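As stored in entry_30.cif (mmCIF, C-alpha atoms):
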```cif
data_input
#
loop_
_atom_site.label_atom_id
_atom_site.label_comp_id
_atom_site.auth_asym_id
_atom_site.auth_seq_id
_atom_site.Cartn_x
_atom_site.Cartn_y
_atom_site.Cartn_z
CA MET A 1 -11.65 3.28 14.14
CA ARG A 2 -10.83 6.71 13.22
CA ARG A 3 -8.96 6.84 12.68
CA ALA A 4 12.81 24.19 7.36
CA LEU A 5 13.96 24.86 10.79
CA ALA A 6 15.05 27.06 7.87
CA ILE A 7 17.84 29.39 8.96
CA THR A 8 17.34 32.87 7.47
CA ILE A 9 20.47 34.14 5.81
CA ALA A 10 21.40 36.74 3.25
CA ALA A 11 21.50 35.49 -0.32
CA ALA A 12 24.94 36.93 -0.81
CA VAL A 13 26.46 34.64 1.79
CA ALA A 14 24.31 31.52 1.58
CA LEU A 15 25.80 28.53 -0.15
CA THR A 16 22.98 26.34 -1.35
CA LEU A 17 25.30 23.44 -2.09
CA ALA A 18 23.96 19.89 -2.34
CA ALA A 19 26.67 18.36 -0.19
CA GLY A 20 24.68 15.23 0.51
CA CYS A 21 25.43 12.83 3.32
CA GLU A 22 29.20 13.19 3.11
CA SER A 23 29.52 16.56 4.87
CA GLY A 24 28.07 18.47 7.77
CA THR A 25 27.27 17.81 11.39
CA PRO A 26 24.98 14.95 12.40
CA THR A 27 21.52 16.03 13.39
CA ALA A 28 18.72 14.08 14.95
CA ASP A 29 15.77 12.97 12.88
CA GLY A 30 12.93 14.90 13.75
CA PRO A 31 8.88 13.31 12.82
CA PRO A 32 -14.48 -0.50 9.77
CA PRO A 33 -36.85 -6.50 13.99
CA GLY A 34 -38.15 -9.00 13.88
CA VAL A 35 -41.40 -9.08 11.89
CA PRO A 36 -44.34 -8.48 14.22
CA SER A 37 -46.76 -11.35 14.46
CA SER A 38 -50.38 -10.89 13.40
CA SER A 39 -53.40 -12.64 14.85
CA SER A 40 -55.60 -14.86 12.75
CA PRO A 41 -59.22 -13.83 12.29
CA ALA A 42 -61.62 -15.42 14.73
CA ALA A 43 -63.07 -18.75 13.68
CA PRO A 44 -66.77 -18.78 12.77
CA THR A 45 -69.19 -19.78 15.53
CA GLY A 46 -69.72 -23.45 15.73
CA SER A 47 -66.58 -24.40 13.83
CA PRO A 48 -63.48 -25.85 15.42
CA SER A 49 -61.07 -23.11 16.38
CA GLN A 50 -57.86 -22.97 14.35
CA PRO A 51 -54.47 -22.15 15.87
CA ALA A 52 -52.96 -18.81 14.88
CA PRO A 53 -50.04 -19.11 12.44
CA ALA A 54 -46.59 -19.01 14.03
CA PRO A 55 -44.75 -15.67 13.76
CA THR A 56 -42.20 -15.42 10.96
CA ALA A 57 -38.62 -15.41 12.24
CA SER A 58 -36.50 -12.32 11.57
CA SER A 59 -34.18 -12.64 8.57
CA ALA A 60 -32.33 -9.29 8.94
CA PRO A 61 -28.65 -9.68 7.87
CA ALA A 62 -26.07 -9.62 10.63
CA SER A 63 -23.85 -6.54 10.73
CA PRO A 64 -20.25 -7.29 9.69
CA GLU A 65 -17.74 -7.24 12.48
CA PRO A 66 -15.71 -4.00 12.42
CA ARG A 67 -12.04 -4.29 11.56
CA ARG A 68 -9.65 -3.29 14.29
CA LYS A 69 -7.12 -0.55 13.68
CA LEU A 70 -3.79 -2.16 12.90
CA LYS A 71 -0.65 -0.60 14.30
CA SER A 72 2.87 -1.39 15.43
CA GLY A 73 3.01 -4.06 18.12
CA LEU A 74 -0.10 -5.98 17.09
CA LYS A 75 -0.12 -9.50 15.72
CA GLY A 76 -2.64 -11.94 14.36
CA PRO A 77 -4.29 -13.22 11.17
CA ASP A 78 -5.46 -9.75 10.19
CA VAL A 79 -1.86 -8.49 10.37
CA LEU A 80 -0.78 -11.46 8.26
CA ALA A 81 -3.48 -10.60 5.69
CA LEU A 82 -2.26 -7.00 5.68
CA GLN A 83 1.32 -8.07 5.01
CA GLN A 84 0.23 -10.38 2.20
CA ARG A 85 -1.82 -7.60 0.60
CA LEU A 86 1.12 -5.18 0.83
CA THR A 87 3.36 -7.70 -0.92
CA GLU A 88 0.70 -8.35 -3.56
CA LEU A 89 0.61 -4.62 -4.36
CA GLY A 90 4.42 -4.38 -4.50
CA TYR A 91 5.05 -2.59 -1.22
CA TRP A 92 8.17 -4.15 0.24
CA ASN A 93 7.58 -5.32 3.80
CA GLY A 94 9.81 -8.34 4.19
CA GLU A 95 8.43 -11.76 5.06
CA ALA A 96 4.81 -12.00 6.17
CA ASP A 97 4.85 -13.27 9.76
CA GLY A 98 1.66 -11.87 11.29
CA LYS A 99 3.58 -9.39 13.45
CA PHE A 100 3.22 -5.65 12.87
CA GLY A 101 6.78 -4.38 13.29
CA SER A 102 8.82 -1.50 11.92
CA THR A 103 9.20 -3.12 8.49
CA THR A 104 5.43 -3.39 8.05
CA GLN A 105 5.07 0.18 9.32
CA GLN A 106 7.47 1.37 6.60
CA ALA A 107 5.30 -0.32 3.96
CA VAL A 108 2.16 1.26 5.41
CA TYR A 109 3.84 4.67 5.21
CA ALA A 110 4.46 3.97 1.53
CA VAL A 111 0.81 3.06 0.90
CA GLN A 112 -0.36 6.22 2.64
CA LYS A 113 2.04 8.32 0.57
CA ALA A 114 0.86 6.72 -2.66
CA ALA A 115 -2.77 7.34 -1.66
CA GLY A 116 -2.16 10.91 -0.52
CA ILE A 117 -3.57 10.33 2.95
CA ARG A 118 -2.25 10.94 6.46
CA ARG A 119 1.10 9.27 7.08
CA ASP A 120 0.67 7.81 10.54
CA GLY A 121 1.85 4.24 9.90
CA THR A 122 -1.41 2.67 11.12
CA VAL A 123 -4.15 0.96 9.16
CA GLY A 124 -7.50 2.63 9.75
CA PRO A 125 -10.48 3.00 7.38
CA LYS A 126 -8.77 5.28 4.84
CA THR A 127 -5.63 3.17 4.58
CA GLN A 128 -7.69 -0.01 4.41
CA LYS A 129 -9.74 1.51 1.59
CA ALA A 130 -6.53 2.31 -0.31
CA LEU A 131 -5.41 -1.30 0.14
CA ASP A 132 -8.80 -2.66 -0.92
CA GLN A 133 -8.75 -0.44 -4.02
CA GLY A 134 -5.23 -1.56 -4.90
CA VAL A 135 -3.61 1.89 -4.81
CA ARG A 136 -0.12 1.77 -6.30
CA PRO A 137 2.28 4.51 -7.45
CA LYS A 138 2.91 4.94 -11.16
CA ALA A 139 6.33 5.15 -12.79
CA ARG A 140 7.47 8.01 -14.99
CA SER A 141 9.94 6.01 -17.02
CA THR A 142 8.68 3.71 -19.77
CA THR A 143 11.66 1.57 -20.75
CA GLY A 144 14.59 -0.06 -19.02
CA THR A 145 15.32 -0.81 -15.39
CA MET A 146 15.96 2.01 -12.96
CA VAL A 147 15.40 3.53 -9.56
CA GLU A 148 12.91 6.37 -9.40
CA ILE A 149 12.92 8.69 -6.39
CA ASP A 150 9.73 10.71 -6.09
CA LEU A 151 10.56 13.71 -3.90
CA LYS A 152 6.98 14.94 -3.58
CA ARG A 153 5.58 11.65 -2.37
CA GLN A 154 8.81 10.53 -0.68
CA LEU A 155 8.81 7.13 -2.38
CA LEU A 156 11.63 5.05 -3.85
CA LEU A 157 10.51 2.85 -6.73
CA LEU A 158 12.16 -0.02 -8.56
CA VAL A 159 10.91 0.13 -12.13
CA THR A 160 11.21 -2.19 -15.11
CA ASP A 161 9.84 -1.09 -18.49
CA GLY A 162 7.44 1.35 -16.92
CA GLN A 163 6.11 -1.06 -14.31
CA VAL A 164 6.77 -0.52 -10.61
CA THR A 165 8.05 -3.79 -9.17
CA ARG A 166 8.81 -2.64 -5.61
CA THR A 167 7.87 0.44 -3.59
CA PHE A 168 9.76 1.66 -0.51
CA ASN A 169 9.22 4.41 2.00
CA THR A 170 12.10 6.87 1.76
CA SER A 171 13.20 10.09 3.44
CA THR A 172 15.18 12.54 1.30
CA GLY A 173 16.71 15.99 1.85
CA SER A 174 14.92 18.19 4.37
CA ASN A 175 15.57 21.37 2.33
CA GLU A 176 16.76 23.07 5.50
CA TYR A 177 20.01 25.00 5.81
CA TYR A 178 22.77 23.67 8.02
CA GLN A 179 26.26 24.84 8.98
CA GLN A 180 29.55 23.03 8.59
CA GLU A 181 32.96 24.57 9.33
CA GLY A 182 31.60 28.09 8.87
CA GLU A 183 29.89 27.29 5.58
CA THR A 184 26.16 27.07 4.90
CA TYR A 185 24.64 24.24 2.91
CA LEU A 186 21.19 23.29 1.79
CA ALA A 187 20.08 19.78 2.65
CA ASP A 188 18.43 18.97 -0.64
CA THR A 189 18.27 16.00 -2.99
CA PRO A 190 18.88 17.43 -6.47
CA ARG A 191 16.57 16.39 -9.26
CA GLY A 192 18.04 14.81 -12.36
CA ARG A 193 19.15 11.59 -13.97
CA PHE A 194 22.18 9.81 -12.60
CA LYS A 195 23.87 6.42 -12.34
CA VAL A 196 25.14 4.46 -9.36
CA GLY A 197 28.90 5.07 -9.40
CA ARG A 198 30.20 3.47 -6.21
CA GLN A 199 29.07 1.52 -3.21
CA ILE A 200 30.21 0.39 0.23
CA ASP A 201 29.14 -2.95 1.65
CA GLY A 202 28.95 -1.99 5.31
CA TRP A 203 28.69 1.06 7.53
CA ARG A 204 30.09 4.31 6.17
CA ASP A 205 30.99 6.66 9.02
CA ALA A 206 30.42 9.90 7.09
CA PRO A 207 30.69 13.41 8.56
CA LEU A 208 26.89 13.61 8.70
CA GLY A 209 26.40 10.26 10.36
CA LEU A 210 26.33 6.54 9.69
CA LEU A 211 25.20 5.22 6.30
CA TRP A 212 24.41 1.53 5.93
CA ARG A 213 25.61 -0.08 2.68
CA PRO A 214 25.33 3.14 0.61
CA LYS A 215 24.88 3.17 -3.15
CA TYR A 216 26.22 6.55 -4.36
CA PHE A 217 24.62 8.05 -7.46
CA ASN A 218 25.38 11.80 -7.24
CA GLY A 219 28.65 12.75 -5.54
CA GLY A 220 28.10 12.24 -1.84
CA ILE A 221 24.41 11.49 -2.26
CA ALA A 222 23.36 7.87 -1.96
CA VAL A 223 20.56 5.47 -1.36
CA HIS A 224 21.44 3.97 2.00
CA GLY A 225 20.02 2.21 5.00
CA ALA A 226 19.34 4.10 8.21
CA PRO A 227 17.91 3.21 11.62
CA SER A 228 15.40 6.05 11.30
CA VAL A 229 13.32 6.60 8.15
CA PRO A 230 10.47 8.97 9.00
CA PRO A 231 7.58 9.53 6.57
CA TYR A 232 8.81 13.04 5.71
CA PRO A 233 12.00 14.65 4.29
CA ALA A 234 14.65 14.56 7.02
CA SER A 235 18.05 13.75 5.50
CA HIS A 236 20.94 15.95 4.36
CA GLY A 237 20.37 14.88 0.76
CA CYS A 238 20.54 11.10 0.65
CA ALA A 239 17.57 8.83 0.11
CA ARG A 240 17.15 6.76 3.24
CA VAL A 241 15.47 3.38 3.41
CA SER A 242 15.31 1.02 6.35
CA VAL A 243 18.29 -1.18 7.21
CA SER A 244 16.29 -4.32 6.39
CA ALA A 245 15.21 -2.86 3.05
CA MET A 246 18.82 -2.00 2.19
CA ASN A 247 19.85 -5.56 3.03
CA TRP A 248 17.18 -6.87 0.66
CA LEU A 249 18.34 -4.51 -2.10
CA TRP A 250 21.92 -5.77 -1.74
CA LYS A 251 20.94 -9.44 -1.47
CA ASN A 252 18.89 -9.24 -4.66
CA ASP A 253 21.36 -6.94 -6.49
CA ALA A 254 18.40 -4.67 -7.07
CA ILE A 255 20.51 -1.48 -7.37
CA PRO A 256 23.72 -2.57 -9.08
CA LEU A 257 26.56 -0.33 -10.17
CA LYS A 258 25.74 1.71 -13.26
CA MET A 259 22.00 1.42 -12.63
CA ARG A 260 20.13 4.53 -13.62
CA VAL A 261 18.58 6.72 -10.91
CA TRP A 262 15.93 9.28 -11.79
CA VAL A 263 15.15 11.86 -9.11
CA TYR A 264 12.11 14.05 -9.69
#
```
Written as structure tokens, that's how I'd like the structure from this file.
Amino acid sequence: MRRALAITIAAAVALTLAAGCESGTPTADGPPPGVPSSSSPAAPTGSPSQPAPAPTASSAPASPEPRRKLKSGLKGPDVLALQQRLTELGYWNGEADGKFGSTTQQAVYAVQKAAGIRRDGTVGPKTQKALDQGVRPKARSTTGTMVEIDLKRQLLLLVTDGQVTRTFNTSTGSNEYYQQEGETYLADTPRGRFKVGRQIDGWRDAPLGLLWRPKYFNGGIAVHGAPSVPPYPASHGCARVSVSAMNWLWKNDAIPLKMRVWVY
């Protein structure tokens, strides 16, 4: 119920270039008494004795059954209810099927990030409270349709006229230094306002690893699908989402070419 390795280098030689996912060497991703009876007074002498009144039955309310902690691998009606609540609040978690898989875990990460609580991908009391209270992230933009990437909370938001329509767990640049061909780069995701300029419908075998159906918005930096999307910054600059989430984004043309992307 309860519930970077930063390489030290001299400033004169460090190149803090935002090379994104298109350069470098692949690295592994990290990490809810009874009431006592009373006797009747004795009957007066000579009168027929009267039976004592029956004890009053206890009416104490029954304690509610505690909710079990929900985590990957579980299934059942409570998992189905969780998935439905996530969808209701705009956290993308695919189709509700009553099975707690990796897609549901990604949505739970997103809730925990929005609520500012521990990102463990399980639903304990604090996460359940956030769900019950309807915690949702707020957009910064007020007009138009765009993608917002919140680096602090590690969330990717689809926003229309200031309203968040979908929320995704994302993993952006780790802000660690890495080496490529004798050069040093910083794995960061630069802040700013951009537009989607190109896309690839399939796997992109980039120097830093495989990118699924990338949508490039800043040079070699893209929103793309990845087999691993931890709840912390771990990429070389791109904004990762799950493979299934990227498929949904393509299927629904949710991030078309020329769409605005605001990274903050």
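For the choices A:Met259, A:Leu131, A:Asp201, A:Ala206, the atom-to-atom distance to Thr160 (chain A) is smallest for A:Met259 when using only C-alpha atoms.
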Considering only C-alpha atoms, state which residue in the set A:Arg136, A:Lys113, A:Lys126, A:His224 is at the smallest distance from Thr87 (chain A).
A:Arg136
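Using all atoms listed in the file, the nearest neighbour of Cys238 (chain A) within the list A:Lys215, A:Lys258, A:Arg68, A:Arg85 is A:Lys215.
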For CA of Asp150 (chain A) and CA of Pro207 (chain A), determine how far apart the two atoms are, in Å to one decimal place.
25.7 Å
For Trp212 (chain A), work out the shell of residues within 12 Å, counting all atoms listed in the file and skipping chain neighbours fewer than 4 positions away, then give it as a ChimeraX atom specification.
/A:21,199-206,216,222-228,238-247,249-250
In Å to one decimal, how far is CA of Pro233 (chain A) from CA of Leu89 (chain A)?
24.0 Å
Pick out the closest residue to Thr165 (chain A) from this set: A:Thr184, A:Thr122, A:Gln179, A:Thr145. Count all atoms listed in the file.
A:Thr145
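Considering the residues A:Thr103, A:Ser235, A:Gln154, A:Ser141 and counting only C-alpha atoms, Gly173 (chain A) has its shortest atom-to-atom contact with A:Ser235.
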Quick one: pull the distance between CA of Leu80 (chain A) and CA of Pro66 (chain A), Å, one decimal.
17.2 Å
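Nearest residue to Val261 (chain A) among A:Thr104, A:Ser72, A:Gln84, A:Asn218 is A:Asn218, counting only C-alpha atoms.
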The PyMOL selection byres ((chain A and resi 164) around 12) on the file shown: which residues, as a ChimeraX atom specification?
/A:89-92,136-149,155-163,165-168
